[in-house]
file my_file.txt (compact mmCIF, C-alpha atoms and all ligand atoms)
# COMPACT_ATOMS: atom_id res chain seq x y z
CA MET A 1427 17.30 25.68 17.94
CA ASN A 1428 19.81 26.03 15.08
CA ASN A 1429 21.01 29.33 13.65
CA PHE A 1430 18.97 30.30 10.61
CA VAL A 1431 18.38 32.89 7.89
CA PHE A 1432 14.73 33.54 7.11
CA TYR A 1433 14.19 35.37 3.83
CA SER A 1434 10.73 35.30 2.33
CA PRO A 1435 9.98 38.62 0.68
CA THR A 1436 7.26 37.62 -1.81
CA GLU A 1437 4.39 40.12 -1.83
CA PHE A 1438 1.14 38.18 -1.46
CA VAL A 1439 -2.06 39.74 -2.73
CA PHE A 1440 -4.78 37.53 -1.29
CA GLY A 1441 -8.56 37.46 -1.68
CA LYS A 1442 -11.55 37.80 -3.95
CA ASP A 1443 -10.86 39.38 -7.37
CA ALA A 1444 -7.16 39.69 -6.53
CA GLU A 1445 -6.22 38.79 -10.11
CA ALA A 1446 -7.56 42.16 -11.27
CA GLN A 1447 -4.40 43.65 -9.74
CA VAL A 1448 -1.99 41.69 -11.89
CA GLY A 1449 -1.24 44.60 -14.25
CA THR A 1450 -0.53 46.93 -11.34
CA MET A 1451 1.77 44.37 -9.72
CA VAL A 1452 3.76 43.72 -12.89
CA ARG A 1453 4.25 47.49 -13.30
CA MET A 1454 5.22 47.91 -9.67
CA TYR A 1455 7.97 45.30 -10.04
CA GLY A 1456 9.34 46.87 -13.20
CA GLY A 1457 7.96 44.59 -15.93
CA SER A 1458 7.13 46.04 -19.33
CA LYS A 1459 6.67 42.91 -21.42
CA VAL A 1460 5.67 39.70 -19.69
CA MET A 1461 5.69 36.11 -20.81
CA ILE A 1462 2.54 34.42 -19.50
CA VAL A 1463 3.20 30.74 -18.75
CA TYR A 1464 0.26 28.38 -18.22
CA GLY A 1465 -0.79 24.75 -18.32
CA GLY A 1466 -3.21 22.56 -20.20
CA GLY A 1467 -6.13 24.95 -20.44
CA SER A 1468 -8.00 25.19 -17.11
CA ILE A 1469 -7.33 28.95 -17.05
CA VAL A 1470 -8.75 29.33 -20.55
CA ARG A 1471 -11.92 27.43 -19.65
CA SER A 1472 -12.44 29.37 -16.41
CA GLY A 1473 -12.00 32.77 -18.11
CA LEU A 1474 -9.02 33.62 -15.89
CA LEU A 1475 -6.64 34.09 -18.81
CA LEU A 1476 -8.96 36.65 -20.36
CA ARG A 1477 -9.16 38.61 -17.11
CA ILE A 1478 -5.38 38.60 -16.82
CA GLN A 1479 -4.94 39.81 -20.37
CA GLN A 1480 -7.42 42.62 -19.68
CA SER A 1481 -5.61 43.68 -16.54
CA LEU A 1482 -2.25 43.74 -18.37
CA GLN A 1483 -3.76 45.78 -21.19
CA GLU A 1484 -5.27 48.25 -18.74
CA SER A 1485 -1.74 48.83 -17.41
CA SER A 1486 -0.45 49.24 -21.00
CA LEU A 1487 1.69 46.13 -20.74
CA SER A 1488 2.43 43.82 -23.64
CA TYR A 1489 2.78 40.06 -23.36
CA CYS A 1490 3.58 36.83 -25.14
CA MET A 1491 2.41 33.36 -24.07
CA LEU A 1492 3.78 29.88 -23.46
CA SER A 1493 1.09 27.25 -22.89
CA GLY A 1494 0.85 23.48 -22.49
CA ILE A 1495 2.91 22.95 -19.34
CA GLN A 1496 2.10 19.44 -18.11
CA PRO A 1497 2.03 18.20 -14.50
CA ASN A 1498 5.50 16.87 -13.55
CA PRO A 1499 6.95 19.38 -16.01
CA THR A 1500 9.85 18.43 -18.23
CA ASP A 1501 12.84 20.23 -19.67
CA ALA A 1502 11.37 20.51 -23.20
CA LYS A 1503 9.01 23.34 -22.24
CA VAL A 1504 11.81 25.14 -20.42
CA TYR A 1505 13.96 25.20 -23.57
CA GLU A 1506 10.97 26.34 -25.62
CA GLY A 1507 10.24 29.09 -23.09
CA ILE A 1508 13.84 30.31 -22.97
CA GLU A 1509 13.88 30.64 -26.75
CA LEU A 1510 10.52 32.41 -26.89
CA CYS A 1511 11.44 34.74 -24.05
CA ARG A 1512 14.67 35.78 -25.76
CA LYS A 1513 12.95 36.25 -29.11
CA GLU A 1514 10.14 38.33 -27.64
CA LYS A 1515 12.47 40.20 -25.26
CA ALA A 1516 10.16 39.61 -22.33
CA ASP A 1517 11.49 41.07 -19.07
CA MET A 1518 9.27 39.30 -16.54
CA ILE A 1519 7.69 35.84 -16.37
CA LEU A 1520 4.10 35.55 -15.17
CA ALA A 1521 3.17 32.02 -14.08
CA VAL A 1522 -0.58 31.38 -14.01
CA GLY A 1523 -1.29 27.96 -12.52
CA GLY A 1524 0.16 25.54 -9.99
CA GLY A 1525 3.55 24.14 -9.09
CA SER A 1526 4.26 22.72 -12.55
CA VAL A 1527 3.68 26.04 -14.26
CA ILE A 1528 5.49 28.09 -11.61
CA ASP A 1529 8.50 25.76 -11.57
CA THR A 1530 8.76 25.93 -15.35
CA ALA A 1531 8.53 29.73 -15.19
CA LYS A 1532 11.36 29.80 -12.64
CA ALA A 1533 13.55 27.54 -14.76
CA ILE A 1534 12.98 29.81 -17.76
CA ALA A 1535 13.67 32.91 -15.66
CA ALA A 1536 17.07 31.51 -14.67
CA GLY A 1537 17.86 29.97 -18.06
CA VAL A 1538 17.23 33.11 -20.10
CA LEU A 1539 20.09 34.99 -18.47
CA TYR A 1540 22.51 32.04 -18.49
CA ASP A 1541 24.92 31.19 -21.30
CA GLY A 1542 24.94 27.44 -20.68
CA ASP A 1543 22.28 24.75 -20.33
CA PHE A 1544 19.67 25.61 -17.65
CA TRP A 1545 19.91 21.97 -16.44
CA ASP A 1546 23.33 22.83 -15.00
CA PHE A 1547 21.49 24.51 -12.11
CA TYR A 1548 19.56 21.34 -11.28
CA ILE A 1549 22.59 19.04 -11.26
CA GLY A 1550 24.65 21.46 -9.18
CA LYS A 1551 27.04 22.38 -12.00
CA ALA A 1552 26.13 26.08 -11.79
CA VAL A 1553 24.51 28.44 -9.29
CA VAL A 1554 21.74 30.85 -10.27
CA GLU A 1555 23.28 34.30 -9.97
CA LYS A 1556 20.67 36.26 -11.87
CA ALA A 1557 17.20 35.57 -13.15
CA LEU A 1558 14.26 37.44 -14.58
CA LYS A 1559 11.62 38.36 -12.03
CA VAL A 1560 8.78 35.87 -11.65
CA GLY A 1561 5.23 36.84 -10.70
CA VAL A 1562 2.51 34.30 -9.94
CA VAL A 1563 -1.26 33.94 -10.16
CA LEU A 1564 -1.92 30.76 -8.18
CA THR A 1565 -4.75 28.39 -9.15
CA ILE A 1566 -4.07 25.37 -6.91
CA PRO A 1567 -2.78 25.29 -3.34
CA ALA A 1568 -0.31 22.42 -3.21
CA ALA A 1569 3.37 22.75 -4.12
CA GLY A 1570 3.93 26.05 -2.32
CA SER A 1571 6.08 27.24 -5.22
CA GLU A 1572 4.30 30.63 -5.08
CA GLY A 1573 6.27 31.41 -1.92
CA SER A 1574 9.40 29.28 -2.30
CA GLY A 1575 12.70 29.76 -4.08
CA ASN A 1576 12.54 26.21 -5.41
CA SER A 1577 11.78 24.62 -8.75
CA VAL A 1578 11.38 20.93 -9.65
CA ILE A 1579 11.89 19.81 -13.25
CA THR A 1580 12.18 16.38 -14.88
CA LYS A 1581 14.73 15.71 -17.60
CA ALA A 1582 12.71 13.57 -19.97
CA SER A 1583 15.63 11.70 -21.54
CA THR A 1584 16.97 10.39 -18.22
CA LEU A 1585 13.78 10.56 -16.11
CA GLN A 1586 15.65 12.55 -13.47
CA LYS A 1587 13.25 14.68 -11.43
CA LEU A 1588 15.46 17.13 -9.58
CA SER A 1589 14.81 20.11 -7.35
CA LEU A 1590 16.71 23.35 -7.47
CA ARG A 1591 16.72 25.32 -4.21
CA THR A 1592 17.56 28.99 -4.07
CA LEU A 1593 17.21 31.38 -1.17
CA LYS A 1594 16.65 34.54 -3.17
CA SER A 1595 16.98 34.36 -6.94
CA LEU A 1596 13.89 32.34 -7.83
CA ARG A 1597 11.48 33.51 -5.16
CA PRO A 1598 8.47 35.11 -6.87
CA VAL A 1599 8.34 38.87 -6.39
CA PHE A 1600 4.57 38.72 -6.05
CA SER A 1601 1.91 36.03 -5.82
CA ILE A 1602 -1.73 36.72 -6.42
CA MET A 1603 -3.99 34.31 -4.57
CA ASN A 1604 -7.75 34.32 -5.04
CA PRO A 1605 -9.29 31.29 -3.29
CA GLU A 1606 -12.31 31.44 -5.63
CA LEU A 1607 -10.02 30.38 -8.47
CA THR A 1608 -9.68 26.99 -6.78
CA TYR A 1609 -13.44 26.17 -6.90
CA THR A 1610 -12.95 24.52 -10.30
CA LEU A 1611 -10.33 22.04 -9.07
CA PRO A 1612 -11.29 18.39 -9.53
CA PRO A 1613 -11.64 16.68 -6.09
CA PHE A 1614 -8.58 14.52 -6.77
CA GLN A 1615 -6.37 17.56 -7.41
CA THR A 1616 -7.73 19.27 -4.29
CA ALA A 1617 -6.87 16.16 -2.28
CA CYS A 1618 -3.39 15.82 -3.81
CA GLY A 1619 -2.71 19.45 -2.90
CA ILE A 1620 -3.77 18.73 0.68
CA ALA A 1621 -1.39 15.75 0.92
CA ASP A 1622 1.46 17.80 -0.54
CA MET A 1623 1.06 20.74 1.84
CA MET A 1624 0.82 18.37 4.81
CA ALA A 1625 4.00 16.69 3.62
CA HIS A 1626 5.79 20.04 3.40
CA VAL A 1627 4.99 20.66 7.05
CA MET A 1628 5.92 17.14 8.13
CA GLU A 1629 9.29 17.17 6.32
CA ARG A 1630 10.18 19.99 8.69
CA TYR A 1631 8.42 18.69 11.77
CA PHE A 1632 10.35 15.40 11.85
CA THR A 1633 13.65 16.81 12.99
CA ASN A 1634 16.31 15.89 15.52
CA THR A 1635 16.93 19.51 16.43
CA LYS A 1636 16.11 20.19 20.06
CA ASP A 1637 14.32 23.23 21.55
CA VAL A 1638 12.15 23.97 18.53
CA GLU A 1639 8.91 24.52 20.41
CA ILE A 1640 7.83 27.37 18.15
CA ALA A 1641 8.48 25.38 14.96
CA ASP A 1642 6.69 22.35 16.43
CA ARG A 1643 3.65 24.36 17.42
CA ILE A 1644 3.46 26.21 14.09
CA CYS A 1645 3.65 22.88 12.27
CA GLU A 1646 1.01 21.24 14.46
CA GLY A 1647 -1.28 24.26 14.09
CA ILE A 1648 -1.03 24.24 10.31
CA LEU A 1649 -1.62 20.49 10.15
CA LEU A 1650 -4.71 20.81 12.34
CA ALA A 1651 -6.03 23.64 10.15
CA ILE A 1652 -5.45 21.61 6.97
CA ILE A 1653 -7.18 18.53 8.38
CA LYS A 1654 -10.20 20.58 9.50
CA GLU A 1655 -10.60 22.54 6.25
CA ALA A 1656 -9.93 19.49 4.07
CA GLU A 1657 -13.03 17.81 5.37
CA VAL A 1658 -15.06 20.92 4.55
CA VAL A 1659 -13.80 21.48 1.00
CA MET A 1660 -14.24 17.87 0.01
CA LYS A 1661 -17.94 18.25 0.87
CA GLU A 1662 -18.38 21.88 -0.17
CA PRO A 1663 -15.97 22.79 -2.99
CA ASP A 1664 -17.36 26.35 -3.10
CA ASN A 1665 -16.86 27.08 0.60
CA TYR A 1666 -14.83 30.30 0.45
CA GLY A 1667 -13.58 30.20 4.04
CA ALA A 1668 -12.28 26.67 3.78
CA ARG A 1669 -10.69 27.27 0.37
CA ALA A 1670 -9.07 30.46 1.66
CA ASN A 1671 -7.64 28.79 4.76
CA LEU A 1672 -6.28 25.89 2.71
CA MET A 1673 -4.72 28.22 0.18
CA TRP A 1674 -2.82 30.13 2.83
CA CYS A 1675 -1.84 26.90 4.62
CA GLY A 1676 -0.24 25.71 1.36
CA THR A 1677 1.92 28.81 1.20
CA ILE A 1678 2.94 28.92 4.85
CA ALA A 1679 3.71 25.20 4.71
CA HIS A 1680 6.52 25.80 2.25
CA ASN A 1681 7.81 29.37 2.45
CA GLY A 1682 10.26 28.58 5.23
CA THR A 1683 8.12 29.58 8.21
CA CYS A 1684 7.63 26.04 9.50
CA GLY A 1685 11.22 24.92 9.55
CA THR A 1686 13.02 27.88 11.06
CA GLY A 1687 15.83 26.68 13.29
CA CYS A 1688 15.31 23.00 12.40
CA GLU A 1689 17.32 20.50 10.44
CA GLU A 1690 14.70 19.39 7.89
CA ASP A 1691 14.25 15.86 6.57
CA TRP A 1692 12.91 15.65 2.95
CA ALA A 1693 13.47 11.91 2.52
CA SER A 1694 9.79 11.28 1.75
CA HIS A 1695 9.85 13.90 -0.99
CA PHE A 1696 12.94 12.40 -2.56
CA LEU A 1697 11.45 8.90 -2.33
CA GLU A 1698 8.32 10.25 -4.04
CA HIS A 1699 10.09 12.22 -6.77
CA GLU A 1700 11.51 8.95 -8.10
CA ILE A 1701 7.98 7.52 -8.32
CA SER A 1702 6.55 10.50 -10.20
CA ALA A 1703 9.63 10.61 -12.45
CA ILE A 1704 9.17 7.03 -13.61
CA TYR A 1705 5.40 6.50 -13.35
CA ASN A 1706 4.23 10.11 -13.89
CA VAL A 1707 1.82 9.97 -10.93
CA THR A 1708 0.58 13.14 -9.25
CA HIS A 1709 3.12 14.26 -6.65
CA GLY A 1710 0.58 14.56 -3.79
CA ALA A 1711 -0.80 11.08 -4.48
CA GLY A 1712 2.71 9.65 -4.41
CA LEU A 1713 3.35 11.35 -1.07
CA SER A 1714 0.11 9.94 0.31
CA VAL A 1715 1.57 6.48 -0.32
CA ILE A 1716 5.12 7.17 0.82
CA PHE A 1717 4.75 9.28 3.96
CA PRO A 1718 2.79 6.70 5.99
CA ALA A 1719 5.30 4.02 4.91
CA TRP A 1720 8.22 6.25 5.96
CA MET A 1721 6.56 6.85 9.36
CA THR A 1722 5.85 3.15 9.83
CA TRP A 1723 9.52 2.37 9.18
CA MET A 1724 10.47 5.08 11.69
CA THR A 1725 8.48 3.35 14.44
CA GLU A 1726 11.25 0.71 14.44
CA HIS A 1727 14.17 3.13 14.06
CA HIS A 1728 13.44 6.55 15.57
CA ILE A 1729 10.00 6.65 17.11
CA GLU A 1730 10.21 9.71 19.37
CA LYS A 1731 8.69 12.40 17.23
CA ILE A 1732 6.20 10.08 15.55
CA VAL A 1733 4.69 9.59 19.01
CA GLN A 1734 4.49 13.32 19.63
CA TYR A 1735 2.86 13.76 16.21
CA ALA A 1736 0.27 11.04 16.92
CA ILE A 1737 -0.72 12.65 20.22
CA ARG A 1738 -0.70 16.30 19.23
CA VAL A 1739 -1.97 16.14 15.65
CA TRP A 1740 -4.24 13.10 15.68
CA GLY A 1741 -5.34 13.27 19.31
CA VAL A 1742 -4.17 9.74 20.13
CA SER A 1743 -4.40 8.87 23.83
CA GLU A 1744 -1.12 8.78 25.74
CA ASP A 1745 -2.07 5.46 27.31
CA GLY A 1746 -0.22 2.58 25.69
CA THR A 1747 3.29 1.84 24.50
CA GLU A 1748 5.17 4.22 22.23
CA LYS A 1749 4.71 1.80 19.35
CA GLU A 1750 0.94 1.56 19.92
CA ILE A 1751 0.58 5.35 20.05
CA ALA A 1752 2.69 5.88 16.92
CA MET A 1753 0.90 3.18 14.94
CA GLU A 1754 -2.50 4.60 15.91
CA GLY A 1755 -1.37 8.03 14.67
CA ILE A 1756 -0.26 6.53 11.36
CA LEU A 1757 -3.56 4.67 11.07
CA ARG A 1758 -5.47 7.92 11.58
CA LEU A 1759 -3.32 9.67 8.96
CA LYS A 1760 -4.04 6.88 6.48
CA SER A 1761 -7.79 6.90 7.20
CA PHE A 1762 -7.81 10.65 6.67
CA LEU A 1763 -5.98 10.36 3.34
CA SER A 1764 -8.32 7.56 2.21
CA SER A 1765 -11.35 9.61 3.29
CA ILE A 1766 -10.38 12.41 0.88
CA GLY A 1767 -9.95 9.91 -1.95
CA LEU A 1768 -6.19 9.40 -1.95
CA PRO A 1769 -4.24 6.15 -2.35
CA VAL A 1770 -2.13 4.87 0.55
CA THR A 1771 -0.44 1.93 -1.22
CA PHE A 1772 1.35 1.49 -4.54
CA LYS A 1773 -1.51 -0.73 -5.64
CA GLU A 1774 -4.08 1.98 -4.95
CA LEU A 1775 -1.81 4.38 -6.81
CA GLY A 1776 -2.24 2.14 -9.85
CA ILE A 1777 1.25 0.62 -9.72
CA GLU A 1778 0.73 -3.07 -9.06
CA HIS A 1779 4.38 -4.13 -9.35
CA PRO A 1780 6.69 -1.15 -8.83
CA ASP A 1781 10.30 -1.67 -9.87
CA ILE A 1782 11.66 -1.08 -6.38
CA ASP A 1783 15.29 -1.81 -7.25
CA ARG A 1784 15.16 0.84 -9.97
CA LEU A 1785 13.51 3.35 -7.62
CA VAL A 1786 16.21 2.74 -5.00
CA ASP A 1787 19.02 3.01 -7.56
CA ASN A 1788 17.67 6.23 -9.03
CA LEU A 1789 17.10 7.73 -5.58
CA HIS A 1790 20.61 7.10 -4.32
CA ASN A 1791 22.28 7.88 -7.66
CA ASN A 1792 20.51 11.26 -7.65
CA LYS A 1793 20.67 12.07 -3.95
CA GLY A 1794 23.71 10.23 -2.60
CA GLU A 1795 24.24 7.14 -0.47
CA LEU A 1796 22.43 8.65 2.54
CA VAL A 1797 19.05 10.35 2.06
CA GLY A 1798 17.15 12.49 4.58
CA ASN A 1799 18.10 13.62 8.06
CA TYR A 1800 15.65 12.37 10.69
CA VAL A 1801 17.30 9.03 10.01
CA LYS A 1802 19.81 9.05 7.16
CA LEU A 1803 18.50 6.33 4.86
CA THR A 1804 20.79 3.79 3.20
CA ARG A 1805 19.83 1.85 0.08
CA LYS A 1806 18.61 -0.99 2.30
CA ASP A 1807 16.42 1.40 4.32
CA SER A 1808 14.89 3.02 1.23
CA LYS A 1809 14.09 -0.39 -0.18
CA GLU A 1810 12.32 -1.37 3.05
CA ILE A 1811 10.25 1.83 2.97
CA TYR A 1812 9.20 1.28 -0.66
CA GLU A 1813 8.26 -2.30 0.30
CA LEU A 1814 6.15 -1.05 3.22
CA ALA A 1815 4.17 0.98 0.67
CA LEU A 1816 3.21 -2.05 -1.45
O1 LIG B 1901 -2.76 22.39 -16.65
P1 LIG B 1901 -4.12 22.83 -16.27
O2 LIG B 1901 -5.13 22.68 -17.33
O3 LIG B 1901 -4.11 24.21 -15.65
O4 LIG B 1901 -4.62 21.80 -15.12
C1 LIG B 1901 -3.93 21.63 -13.89
C2 LIG B 1901 -3.16 20.32 -13.79
O5 LIG B 1901 -3.74 19.33 -14.60
C3 LIG B 1901 -4.95 21.47 -12.80
N1 LIG B 1901 -5.40 22.75 -12.24
C4 LIG B 1901 -4.64 23.69 -11.63
N2 LIG B 1901 -5.41 24.69 -11.19
C5 LIG B 1901 -6.69 24.38 -11.54
C6 LIG B 1901 -6.68 23.15 -12.23
N3 LIG B 1901 -7.81 22.57 -12.71
C7 LIG B 1901 -8.96 23.22 -12.50
N4 LIG B 1901 -9.05 24.39 -11.82
C8 LIG B 1901 -7.94 25.00 -11.32
N5 LIG B 1901 -8.05 26.13 -10.61
O6 LIG B 1901 -4.28 20.76 -11.77
C9 LIG B 1901 -3.35 19.88 -12.35
C10 LIG B 1901 -2.09 19.86 -11.53
O7 LIG B 1901 -1.37 21.07 -11.64
P2 LIG B 1901 0.13 21.15 -11.08
O8 LIG B 1901 0.65 22.51 -11.38
O9 LIG B 1901 0.91 19.99 -11.59
O10 LIG B 1901 -0.10 20.95 -9.52
P3 LIG B 1901 0.81 21.20 -8.27
O11 LIG B 1901 0.68 22.59 -7.81
O12 LIG B 1901 0.51 20.11 -7.35
O13 LIG B 1901 2.34 21.05 -8.79
C11 LIG B 1901 2.97 19.80 -8.82
C12 LIG B 1901 4.42 19.95 -9.24
O14 LIG B 1901 5.14 20.77 -8.29
C13 LIG B 1901 6.29 20.03 -7.84
C14 LIG B 1901 5.82 18.61 -7.92
O15 LIG B 1901 6.87 17.68 -7.85
C15 LIG B 1901 5.11 18.61 -9.26
O16 LIG B 1901 6.05 18.53 -10.31
N6 LIG B 1901 6.72 20.55 -6.53
C16 LIG B 1901 7.30 21.76 -6.49
C17 LIG B 1901 7.78 22.31 -5.32
C18 LIG B 1901 8.42 23.65 -5.28
N7 LIG B 1901 8.65 24.29 -6.40
O17 LIG B 1901 8.78 24.17 -4.21
C19 LIG B 1901 7.73 21.58 -4.06
C20 LIG B 1901 6.83 20.40 -4.07
O18 LIG B 1901 7.22 19.51 -3.08
C21 LIG B 1901 6.73 19.68 -5.37
O19 LIG B 1901 7.77 18.74 -5.53
ZN ZN B 1902 5.77 18.49 -2.26

call {"tool": "encode", "arguments": {"input": "my_file.txt", "output": "structure tokens", "more": "lines below"}}
Ligand code: NZQ
Ligand code: ZN
result
Amino acid sequence: MNNFVFYSPTEFVFGKDAEAQVGTMVRMYGGSKVMIVYGGGSIVRSGLLLRIQQSLQESSLSYCMLSGIQPNPTDAKVYEGIELCRKEKADMILAVGGGSVIDTAKAIAAGVLYDGDFWDFYIGKAVVEKALKVGVVLTIPAAGSEGSGNSVITKASTLQKLSLRTLKSLRPVFSIMNPELTYTLPPFQTACGIADMMAHVMERYFTNTKDVEIADRICEGILLAIIKEAEVVMKEPDNYGARANLMWCGTIAHNGTCGTGCEEDWASHFLEHEISAIYNVTHGAGLSVIFPAWMTWMTEHHIEKIVQYAIRVWGVSEDGTEKEIAMEGILRLKSFLSSIGLPVTFKELGIEHPDIDRLVDNLHNNKGELVGNYVKLTRKDSKEIYELAL
């Protein structure tokens, strides 16, 4: 096991009616005027925004609002938010939504207190030293941004989708998580969230680090829980227990717990980010296409942990060659993803003829000549993986 620092101090308020506590939480963390950031309107239609406004008013807090954050959020809304936040003198950002909204809120929180262009943080030109506090009311379990210090933004003019990773500065101070808020999710968004949280676990599970029994078992346990509850929520969208388990899985998958002591991989995420940057597909759907292709490629290059995964997560019999066991595990993963309505090929994703050379170029121009860690992928390797996803 490698040395590690685990720092994950977000206060999670979890359960039915949790959003009623938003005013109290903002006060507790020192906010006096908040900027509410939200997406395309689901929180208006569900009545959640109204309940949040009431709770803030009950705590004598004032607020301004930034709406219209789109999935795969771009820089334009970040600039708009920074300007609004400065004008209104808001001292805390309250993200109400999913990863796109939370990531935009984080970018604004860092950008407001920075003299230069917030994009400097995403291209590694500057480090976030201070940021406004961010609080979250989560409406979709998927990206895990409610418990991570990360933010992913796309620069529209160059179609660069880049992630900013911080240990402390952008970690939400609190996240309010009421599983009932996820009942209104369309089945496709529920499924994409499931694929994303599984991917967050698997990026950590596929490691070369030895003696990581605890990380392995945590990862396998979370994957088994996701697979079990996914089948339930797809049939019964209002099943509180299943929604609650999935919501917590999404957070634990990405708040650092799963990868403690491991060298993590992240190649599949980087391969996917190029797809959603160019084709604007939903991140989880892109991962559902890429992860099985990445694993299939690994069966020829570094099969060891794929075999363990097939046996322990998918219950594949240990009889047979390593290749047979691994391929059966990948087949079961794909059948599962298909069964919850997700694509497993570019074609099913709606991209008949992806521009693979452009994807490979963008990937390696953004992330360097070698990508990932389980096997460090060259341009040739990335191209082969994209081709396996056709
Ligand atoms: O915008 P509204 O109207 O709210 O609709 C949203 C949006 O269309 C809808 N939705 C959310 N909650 C709902 C709901 N609809 C009905 N009922 C509800 N309760 O769902 C759609 C997708 O929302 P989005 O925020 O885009 O989803 P997600 O949480 O999957 O976030 C995806 C983004 O996060 C990034 C992805 O790349 C993508 O840009 N990621 C961020 C990470 C991080 N910060 O650590 C890590 C991830 O790997 C990921 O890359
Ligand atoms: Zn993800």

call {"tool": "residues_near_ligand", "arguments": {"input": "my_file.txt", "ligand": "ligand ZN 1902 (chain B)", "cutoff": "6 Å", "atoms": "only C-alpha atoms and all ligand atoms", "output": "PyMOL selection string"}}
result
chain A and resi 1569+1622+1626

call {"tool": "residues_around", "arguments": {"input": "my_file.txt", "residues": "A:Lys1532", "least_positions_apart": "4", "cutoff": "9 Å", "atoms": "all atoms listed in the file", "output": "PyMOL selection string"}}
result
chain A and resi 1519+1521+1527-1528+1536-1537+1557-1560+1575-1577+1596-1598

call {"tool": "residues_around", "arguments": {"input": "my_file.txt", "residues": "stretch 1482-1493 of chain A", "least_positions_apart": "3", "cutoff": "6 Å", "atoms": "all atoms listed in the file", "output": "JSON, numbers by chain"}}
result
{"A": [1449, 1458, 1459, 1460, 1461, 1462, 1463, 1464, 1465, 1479]}

call {"tool": "closest_atom_pairs", "arguments": {"input": "my_file.txt", "of": "chain A", "to": "ligand LIG 1901 (chain B)", "cutoff": "6 Å", "atoms": "only C-alpha atoms and all ligand atoms", "output": "CSV"}}
result
residue,atom,partner,partner_atom,distance
A:Gly1465,CA,B:LIG1901,O1,3.5
A:Gly1466,CA,B:LIG1901,O2,3.5
A:Gly1467,CA,B:LIG1901,O2,4.0
A:Ser1468,CA,B:LIG1901,O2,3.8
A:Ile1469,CA,B:LIG1901,O3,5.9
A:Gln1496,CA,B:LIG1901,O1,5.9
A:Pro1497,CA,B:LIG1901,O9,3.6
A:Asn1498,CA,B:LIG1901,O16,3.7
A:Pro1499,CA,B:LIG1901,O16,5.8
A:Gly1523,CA,B:LIG1901,N2,5.4
A:Gly1524,CA,B:LIG1901,O8,3.4
A:Gly1525,CA,B:LIG1901,O13,3.3
A:Ser1526,CA,B:LIG1901,O8,3.8
A:Val1527,CA,B:LIG1901,O8,5.5
A:Asp1529,CA,B:LIG1901,N7,5.4
A:Thr1565,CA,B:LIG1901,N5,4.3
A:Ile1566,CA,B:LIG1901,N2,4.5
A:Ala1568,CA,B:LIG1901,O11,4.7
A:Ala1569,CA,B:LIG1901,C20,4.2
A:Gly1570,CA,B:LIG1901,O17,5.5
A:Ser1571,CA,B:LIG1901,N7,4.1
A:Ser1574,CA,B:LIG1901,O17,5.5
A:Asn1576,CA,B:LIG1901,O17,4.4
A:Ser1577,CA,B:LIG1901,N7,3.9
A:Val1578,CA,B:LIG1901,C16,5.2
A:Leu1607,CA,B:LIG1901,N5,5.2
A:Thr1608,CA,B:LIG1901,N5,4.3
A:Thr1610,CA,B:LIG1901,N4,4.2
A:Leu1611,CA,B:LIG1901,N4,3.8
A:Gln1615,CA,B:LIG1901,O6,5.8
A:Gly1619,CA,B:LIG1901,O12,5.5
A:His1709,CA,B:LIG1901,O15,5.2

call {"tool": "residues_around", "arguments": {"input": "my_file.txt", "residues": "A:Glu1754", "least_positions_apart": "3", "cutoff": "9 Å", "atoms": "only C-alpha atoms", "output": "ChimeraX atom specification"}}
result
/A:1736,1740,1742,1749-1751,1757-1759

call {"tool": "write_last_selection", "arguments": {"input": "my_file.txt", "atoms": "C-alpha atoms", "output": "short mmCIF file (atom, residue, chain, number, x, y, z; two decimals), in the frame of the given file"}}
result
data_model
loop_
_atom_site.label_atom_id
_atom_site.label_comp_id
_atom_site.auth_asym_id
_atom_site.auth_seq_id
_atom_site.Cartn_x
_atom_site.Cartn_y
_atom_site.Cartn_z
CA ALA A 1736 0.27 11.04 16.92
CA TRP A 1740 -4.24 13.10 15.68
CA VAL A 1742 -4.17 9.74 20.13
CA LYS A 1749 4.71 1.80 19.35
CA GLU A 1750 0.94 1.56 19.92
CA ILE A 1751 0.58 5.35 20.05
CA LEU A 1757 -3.56 4.67 11.07
CA ARG A 1758 -5.47 7.92 11.58
CA LEU A 1759 -3.32 9.67 8.96
#

call {"tool": "residues_near_point", "arguments": {"input": "my_file.txt", "point": "(4.6, 31.5, 6.4)", "cutoff": "12 Å", "atoms": "all atoms listed in the file", "output": "ChimeraX atom specification"}}
result
/A:1432-1438,1570,1572-1574,1626-1627,1641,1644-1645,1648,1673-1686

call {"tool": "residues_around", "arguments": {"input": "my_file.txt", "residues": "A:Leu1588", "least_positions_apart": "4", "cutoff": "9 Å", "atoms": "all atoms listed in the file", "output": "PyMOL selection string"}}
result
chain A and resi 1548-1549+1577-1581+1696+1699+1792
